[in-house]
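Below is my_file_20.txt, which holds compact mmCIF, C-alpha atoms.
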# COMPACT_ATOMS: atom_id res chain seq x y z
CA MET A 1 -1.49 30.51 -0.11
CA ALA A 2 -5.02 29.40 -0.90
CA PHE A 3 -6.39 26.02 0.01
CA PRO A 4 -4.64 23.45 -2.23
CA SER A 5 -6.48 23.06 -5.51
CA TYR A 6 -6.42 19.29 -5.94
CA ALA A 7 -9.25 16.93 -6.79
CA PRO A 8 -10.08 14.81 -3.76
CA THR A 9 -10.44 11.06 -3.89
CA SER A 10 -13.41 11.14 -1.57
CA ARG A 11 -15.65 13.83 -0.20
CA SER A 12 -18.29 13.77 2.49
CA PHE A 13 -20.58 16.75 3.03
CA GLY A 14 -22.99 17.43 5.86
CA ALA A 15 -25.51 20.20 5.27
CA GLY A 16 -25.45 21.69 8.77
CA ASP A 17 -28.54 23.33 10.23
CA TYR A 18 -30.17 26.64 11.08
CA ALA A 19 -29.69 28.23 14.48
CA TYR A 20 -32.74 27.53 16.60
CA LYS A 21 -33.51 26.52 20.12
CA ALA A 22 -36.25 24.23 21.32
CA PHE A 23 -38.10 24.88 24.54
CA GLN A 24 -40.21 22.14 26.03
CA SER A 25 -42.95 22.86 28.58
CA GLN A 26 -43.90 20.56 31.40
CA SER A 27 -46.88 19.43 29.35
CA GLY A 28 -44.51 18.26 26.67
CA LYS A 29 -45.45 20.91 24.18
CA GLU A 30 -42.42 22.17 22.35
CA VAL A 31 -41.72 25.63 21.00
CA ARG A 32 -38.84 26.34 18.68
CA ILE A 33 -37.37 29.77 18.15
CA LEU A 34 -35.34 30.46 15.06
CA TYR A 35 -32.35 32.67 15.81
CA GLY A 36 -30.96 33.08 12.34
CA ASP A 37 -31.90 32.87 8.68
CA LYS A 38 -28.66 31.31 7.52
CA ARG A 39 -27.75 27.68 7.60
CA THR A 40 -24.41 26.99 9.23
CA GLY A 41 -22.34 24.19 10.71
CA MET A 42 -21.82 22.40 7.39
CA THR A 43 -19.20 19.68 7.61
CA LEU A 44 -16.86 18.70 4.83
CA ASP A 45 -14.42 15.79 4.96
CA LEU A 46 -11.96 15.56 2.11
CA SER A 47 -9.52 12.75 1.43
CA TYR A 48 -6.58 12.94 -0.91
CA ASP A 49 -5.18 9.45 -1.22
CA ASN A 50 -1.75 8.51 -2.50
CA ILE A 51 -0.60 11.95 -3.51
CA PRO A 52 3.04 13.07 -3.65
CA ASP A 53 4.49 14.38 -0.40
CA THR A 54 5.13 17.67 -2.18
CA GLN A 55 1.36 18.08 -2.52
CA ALA A 56 0.60 16.74 0.94
CA ASP A 57 2.71 19.41 2.58
CA ASP A 58 0.62 22.11 0.88
CA PHE A 59 -2.20 21.28 3.28
CA VAL A 60 0.04 21.91 6.27
CA ALA A 61 1.28 25.13 4.71
CA HIS A 62 -2.31 26.30 4.28
CA TYR A 63 -3.14 25.23 7.83
CA ASP A 64 -0.31 27.46 9.00
CA GLU A 65 -1.40 30.28 6.74
CA VAL A 66 -4.88 30.44 8.26
CA LYS A 67 -3.51 29.90 11.77
CA GLY A 68 -5.13 26.51 12.16
CA GLY A 69 -8.74 26.75 13.21
CA PHE A 70 -8.53 30.49 13.86
CA THR A 71 -9.29 31.93 10.43
CA SER A 72 -11.98 30.97 7.96
CA PHE A 73 -11.45 30.68 4.23
CA THR A 74 -13.06 29.69 0.96
CA LEU A 75 -12.32 26.61 -1.10
CA PRO A 76 -11.22 26.39 -4.73
CA ALA A 77 -13.58 24.76 -7.22
CA ALA A 78 -11.36 21.67 -7.36
CA PHE A 79 -12.84 20.37 -4.13
CA ARG A 80 -16.15 19.88 -5.99
CA THR A 81 -14.55 17.79 -8.74
CA GLY A 82 -16.98 15.13 -9.91
CA TRP A 83 -20.04 16.89 -8.46
CA SER A 84 -22.59 17.65 -11.16
CA GLY A 85 -25.29 19.16 -8.99
CA ASN A 86 -25.72 22.75 -7.92
CA THR A 87 -22.26 23.96 -6.96
CA ALA A 88 -23.58 25.86 -3.95
CA ALA A 89 -25.24 22.76 -2.55
CA ILE A 90 -22.04 21.26 -1.21
CA ASP A 91 -20.20 24.48 -0.45
CA ALA A 92 -20.46 26.70 2.58
CA ALA A 93 -23.93 28.24 2.41
CA THR A 94 -24.41 31.96 1.89
CA GLY A 95 -22.44 33.99 4.39
CA ASN A 96 -20.43 31.00 5.57
CA GLN A 97 -16.79 30.19 5.14
CA TRP A 98 -14.82 27.11 5.97
CA ARG A 99 -12.66 26.58 8.99
CA TYR A 100 -10.54 23.65 10.04
CA SER A 101 -12.33 21.52 12.61
CA GLU A 102 -9.28 19.27 12.94
CA PRO A 103 -5.69 19.60 11.84
CA PRO A 104 -4.94 17.98 8.47
CA ALA A 105 -3.90 14.36 8.99
CA ILE A 106 -1.12 12.98 6.82
CA THR A 107 -0.54 9.27 6.54
CA SER A 108 2.69 8.23 4.87
CA VAL A 109 1.98 5.36 2.50
CA ARG A 110 5.36 4.73 0.98
CA PRO A 111 8.44 6.85 0.32
CA GLY A 112 7.28 10.05 -1.34
CA ILE A 113 3.59 9.16 -1.25
CA SER A 114 1.08 10.14 1.41
CA SER A 115 -2.63 10.35 2.03
CA VAL A 116 -4.19 13.45 3.53
CA THR A 117 -7.48 13.85 5.34
CA VAL A 118 -8.98 17.29 5.92
CA ARG A 119 -12.01 18.01 8.10
CA LEU A 120 -13.72 21.37 7.76
CA VAL A 121 -16.73 23.06 9.27
CA GLY A 122 -18.78 25.88 7.82
CA VAL A 123 -19.01 28.95 10.03
CA LEU A 124 -20.76 32.30 9.72
CA MET B 1 20.77 -18.65 -31.82
CA ALA B 2 17.21 -19.43 -31.01
CA LYS B 3 16.80 -21.07 -27.67
CA VAL B 4 13.91 -22.71 -25.89
CA TYR B 5 14.61 -23.02 -22.20
CA THR B 6 13.55 -26.12 -20.36
CA GLY B 7 14.02 -27.60 -16.95
CA ARG B 8 17.39 -28.92 -18.12
CA ASP B 9 18.61 -25.33 -18.18
CA GLY B 10 17.48 -24.52 -14.67
CA ARG B 11 19.84 -24.10 -11.75
CA LEU B 12 19.42 -22.99 -8.17
CA LEU B 13 22.24 -21.56 -6.10
CA ILE B 14 21.87 -21.00 -2.39
CA ASP B 15 24.53 -18.85 -0.76
CA GLY B 16 26.65 -19.27 -3.88
CA THR B 17 26.48 -23.05 -3.96
CA GLU B 18 24.77 -24.72 -6.87
CA GLN B 19 22.24 -27.10 -5.43
CA ILE B 20 22.24 -30.69 -6.48
CA LYS B 21 19.08 -32.51 -7.45
CA VAL B 22 16.77 -29.57 -7.84
CA SER B 23 13.57 -30.53 -9.61
CA THR B 24 11.67 -27.24 -9.69
CA TRP B 25 11.96 -23.61 -8.82
CA THR B 26 9.58 -20.74 -9.34
CA LEU B 27 9.86 -17.03 -8.74
CA THR B 28 6.98 -14.59 -8.50
CA GLY B 29 7.33 -10.83 -8.48
CA ASN B 30 4.47 -8.61 -7.38
CA LEU B 31 3.99 -4.89 -7.54
CA GLU B 32 1.48 -3.33 -5.20
CA VAL B 33 -0.23 -0.41 -6.83
CA LEU B 34 -1.80 2.52 -5.01
CA GLU B 35 -4.97 3.95 -6.43
CA THR B 36 -4.83 7.61 -7.37
CA THR B 37 -8.26 7.91 -8.95
CA THR B 38 -9.93 11.15 -7.97
CA LEU B 39 -13.51 12.28 -8.03
CA GLY B 40 -14.60 13.17 -11.55
CA GLU B 41 -12.46 10.55 -13.27
CA SER B 42 -14.03 7.65 -15.14
CA GLN B 43 -11.01 5.37 -15.27
CA ARG B 44 -8.97 4.19 -12.34
CA SER B 45 -5.37 5.34 -12.15
CA TYR B 46 -2.52 4.05 -10.04
CA THR B 47 0.96 4.80 -8.83
CA PRO B 48 3.56 2.15 -8.03
CA GLY B 49 3.69 0.93 -4.46
CA VAL B 50 6.03 -1.61 -2.94
CA GLN B 51 7.29 -4.73 -4.64
CA GLU B 52 7.70 -8.20 -3.27
CA PHE B 53 9.31 -11.34 -4.53
CA ASN B 54 8.69 -14.86 -3.44
CA GLY B 55 8.86 -18.31 -4.81
CA SER B 56 9.38 -21.96 -4.18
CA ALA B 57 11.71 -24.79 -5.00
CA THR B 58 11.76 -28.55 -4.75
CA LEU B 59 14.97 -30.40 -3.94
CA LEU B 60 15.33 -34.14 -3.87
CA TYR B 61 16.27 -35.35 -0.42
CA TYR B 62 19.53 -36.68 -1.75
CA LYS B 63 22.90 -37.29 -0.20
CA ASP B 64 25.90 -37.50 -2.49
CA ASP B 65 29.00 -39.63 -1.98
CA ALA B 66 30.60 -36.90 0.10
CA GLY B 67 27.61 -36.76 2.42
CA ARG B 68 26.36 -33.45 1.10
CA ASN B 69 22.60 -33.06 1.32
CA ASP B 70 21.39 -29.73 -0.02
CA ALA B 71 17.77 -30.45 0.80
CA ALA B 72 18.67 -30.99 4.42
CA THR B 73 20.62 -27.74 4.48
CA ALA B 74 17.59 -25.89 3.16
CA LEU B 75 15.24 -27.64 5.55
CA LYS B 76 17.39 -26.65 8.47
CA LYS B 77 16.77 -23.01 7.69
CA VAL B 78 13.41 -23.57 9.36
CA LEU B 79 13.58 -26.95 11.06
CA ARG B 80 15.87 -26.04 13.92
CA VAL B 81 15.80 -26.00 17.67
CA ASP B 82 17.16 -22.52 18.25
CA GLY B 83 14.62 -20.50 16.29
CA VAL B 84 15.18 -18.21 13.34
CA SER B 85 16.92 -14.88 13.73
CA SER B 86 16.97 -11.84 11.47
CA THR B 87 20.34 -12.86 10.11
CA ASP B 88 19.13 -16.23 8.88
CA THR B 89 18.68 -15.13 5.32
CA ALA B 90 19.84 -17.02 2.29
CA THR B 91 21.11 -15.65 -0.99
CA LEU B 92 19.19 -17.39 -3.73
CA ARG B 93 20.22 -17.24 -7.34
CA LEU B 94 17.68 -18.61 -9.78
CA ARG B 95 19.38 -19.40 -13.05
CA LEU B 96 18.64 -20.46 -16.59
CA VAL B 97 21.72 -21.54 -18.52
CA ASP B 98 22.42 -21.05 -22.21
CA GLY B 99 25.92 -22.34 -22.83
CA ASP B 100 28.25 -19.84 -21.18
CA THR B 101 25.46 -17.31 -20.73
CA ASN B 102 23.41 -17.26 -17.55
CA SER B 103 20.06 -15.63 -17.02
CA ASP B 104 20.02 -14.93 -13.31
CA VAL B 105 17.84 -13.41 -10.66
CA GLU B 106 19.47 -13.06 -7.27
CA LEU B 107 17.74 -12.16 -4.07
CA THR B 108 18.13 -12.31 -0.33
CA ALA B 109 15.35 -14.29 1.24
CA TYR B 110 14.00 -15.99 4.28
CA ILE B 111 12.95 -19.58 3.86
CA THR B 112 9.38 -19.26 5.03
CA SER B 113 8.17 -22.83 4.83
CA VAL B 114 9.59 -26.26 4.30
CA SER B 115 7.98 -29.63 3.92
CA PHE B 116 9.25 -33.06 3.17
CA GLY B 117 8.17 -36.61 3.65
CA ALA B 118 8.41 -40.14 2.49
CA SER B 119 5.94 -42.09 0.40
CA VAL B 120 6.03 -45.65 -0.88
CA GLY B 121 7.12 -45.69 -4.49
CA GLU B 122 8.24 -42.07 -4.52
CA VAL B 123 11.53 -40.27 -4.18
CA SER B 124 11.65 -38.13 -1.06
CA SER B 125 11.91 -34.48 -1.75
CA ALA B 126 11.83 -31.23 0.16
CA GLN B 127 9.61 -28.34 -0.86
CA ILE B 128 10.67 -24.91 0.28
CA THR B 129 9.07 -21.53 -0.16
CA PHE B 130 10.94 -18.31 0.24
CA GLN B 131 10.14 -14.66 0.74
CA ALA B 132 12.62 -12.10 -0.51
CA THR B 133 13.61 -9.27 1.79
CA GLY B 134 14.72 -6.02 0.20
CA ALA B 135 15.46 -5.40 -3.43
CA LEU B 136 16.69 -7.94 -5.92
CA THR B 137 20.47 -7.96 -5.85
CA ALA B 138 20.99 -9.00 -9.47
CA VAL B 139 18.87 -9.38 -12.56
CA THR B 140 20.49 -10.57 -15.77
CA ILE B 141 17.63 -12.04 -17.73
I need this file expressed as structure tokens, please.
Amino acid sequence: MAFPSYAPTSRSFGAGDYAYKAFQSQSGKEVRILYGDKRTGMTLDLSYDNIPDTQADDFVAHYDEVKGGFTSFTLPAAFRTGWSGNTAAIDAATGNQWRYSEPPAITSVRPGISSVTVRLVGVL
Amino acid sequence: MAKVYTGRDGRLLIDGTEQIKVSTWTLTGNLEVLETTTLGESQRSYTPGVQEFNGSATLLYYKDDAGRNDAATALKKVLRVDGVSSTDTATLRLRLVDGDTNSDVELTAYITSVSFGASVGEVSSAQITFQATGALTAVTI
């Protein structure tokens, strides 16, 4: 199954960075070497508050499907719900896909209702 | 027939016994709601959460000819030397009477606070507050 296509209640995106390494000489002068032309390491935290348990378990099913943090995947457009800027700006940049950086966390709120938190990282 | 309820119609039963000399009772029901608003929505939406019921009552500190003192019985739900255990609940039935027809709400509750005192020129009374535990056991309003 694909990543659950539900609108999140909150979303936090980190843009990641390009692969480079900084070398500092004894004089203090610094040289930076760029190792890649693609930004990577984006972070995406999604919260789905007070959703039915039958939706919450979809996240675990997907986690199983992609073998946890082993396989990368793409996200459905629903994760961008409410975002009116460039759609690519908060998605995995070109060449990247998402991977779980932590297992989905499910907090039971009341019988039949749970909140889910998903943490993803963009990888090349 | 049209009916306006007043304090004259009010009754309070604790553990099945109609209390004597009750001057007030109130019951409040609350429903916690859980927000389900998602990104992209302009209006907040909610789903029902848990409910709670609590209230208060005032009983005159009154002893009848047989020595029965309901206020004292209620006070002793909290004012006691051996502490309160989980089984120290009371069944409260809050009632409005219309002839032979009763409008009742019944609940199981802990008496959570009591207060009473004596003042010059005033009748002594006991104020109790209660917190229901679990669901209402009867609603016939």
For stretch 86-96 of chain B, please output as a compact mmCIF listing (two decimals) with C-alpha atoms, in the frame of the given file all residues within 7 Å (counting all atoms listed in the file; exclusion window: fewer than 5 positions along the same chain).
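Produced file out16.txt, reproduced below:
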# COMPACT_ATOMS: atom_id res chain seq x y z
CA ASP B 9 18.61 -25.33 -18.18
CA GLY B 10 17.48 -24.52 -14.67
CA ARG B 11 19.84 -24.10 -11.75
CA LEU B 12 19.42 -22.99 -8.17
CA LEU B 13 22.24 -21.56 -6.10
CA ILE B 14 21.87 -21.00 -2.39
CA ASP B 15 24.53 -18.85 -0.76
CA ASN B 102 23.41 -17.26 -17.55
CA SER B 103 20.06 -15.63 -17.02
CA ASP B 104 20.02 -14.93 -13.31
CA VAL B 105 17.84 -13.41 -10.66
CA GLU B 106 19.47 -13.06 -7.27
CA LEU B 107 17.74 -12.16 -4.07
CA THR B 108 18.13 -12.31 -0.33
CA ALA B 109 15.35 -14.29 1.24
CA TYR B 110 14.00 -15.99 4.28
I'd like a table as a Markdown table: residues in chain B with an atom no more than 8 Å from chain A, each row giving the shortest atom pair and its distance in Å to one decimal, only C-alpha atoms counted, sorted by chain and rising residue number.
| residue | atom | partner | partner_atom | distance |
| --- | --- | --- | --- | --- |
| B:Leu34 | CA | A:Asn50 | CA | 6.5 |
| B:Glu35 | CA | A:Asn50 | CA | 6.8 |
| B:Thr36 | CA | A:Asn50 | CA | 5.8 |
| B:Thr37 | CA | A:Thr9 | CA | 6.3 |
| B:Thr38 | CA | A:Thr9 | CA | 4.1 |
| B:Leu39 | CA | A:Gly82 | CA | 4.9 |
| B:Gly40 | CA | A:Gly82 | CA | 3.5 |
| B:Glu41 | CA | A:Gly82 | CA | 7.3 |
| B:Thr47 | CA | A:Asn50 | CA | 7.8 |
| B:Gly49 | CA | A:Arg110 | CA | 6.8 |
| B:Val50 | CA | A:Arg110 | CA | 7.5 |
Kindly extract all protein, DNA and RNA residues lying within 6 Å of the coordinates (-32.2, 24.2, 8.5) given in the file, considering all atoms listed in the file, and supply them as number ranges by chain.
-> A: 17-18, 39
Work out how far apart atom CA of B:Thr17 and atom CA of B:Leu59 are and give it in Å to one decimal.
->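 Rounded to one decimal, the two atoms are 13.7 Å apart.
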Looking at only C-alpha atoms, which of A:Pro104, A:Gly95, A:Gly36, A:Gly41 is the one that sits closest to A:Ala61?
-> A:Pro104
Of the listed residues B:Met1, B:Phe130, B:Gly55, B:Val114, that which approaches B:Arg80 most closely, counting all atoms listed in the file |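 Of all the options, B:Val114 lies closest to B:Arg80.
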Kindly give the distance, in Å, that separates atom CA of B:Ser45 and atom CA of A:Ser114, rounded to a single decimal.
->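 Atom-to-atom, atom CA of B:Ser45 and atom CA of A:Ser114 are spaced 15.8 Å apart.
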Please indicate the distance in Å from atom CA of B:Lys21 to atom CA of B:Tyr62, rounded to one decimal place.
-> 7.1 Å
Would you list the contacts of B:Phe53 as an NGL selection string, taking every protein, DNA or RNA residue within 10 Å and counting only C-alpha atoms, but skipping same-chain residues closer than 6 positions in sequence?
-> :B and (27-31 or 107-109 or 130-136)
Rank B:Ala72, B:Val97, B:Ala57, B:Val78 by their smallest atom-to-atom distance to B:Arg8, using all atoms listed in the file, and report the top residue only.
->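 Once distances to B:Arg8 are computed over all atoms listed in the file, the minimum belongs to B:Val97.
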Edge lengths and centre in Å to one decimal, as AutoDock Vina command-line options, is what I'm after for the box along x, y and z that holds all listed atoms of stretch 92-105 of chain B once 8 Å is added on each side.
--center_x 23.0 --center_y -17.9 --center_z -13.3 --size_x 26.6 --size_y 24.9 --size_z 35.1
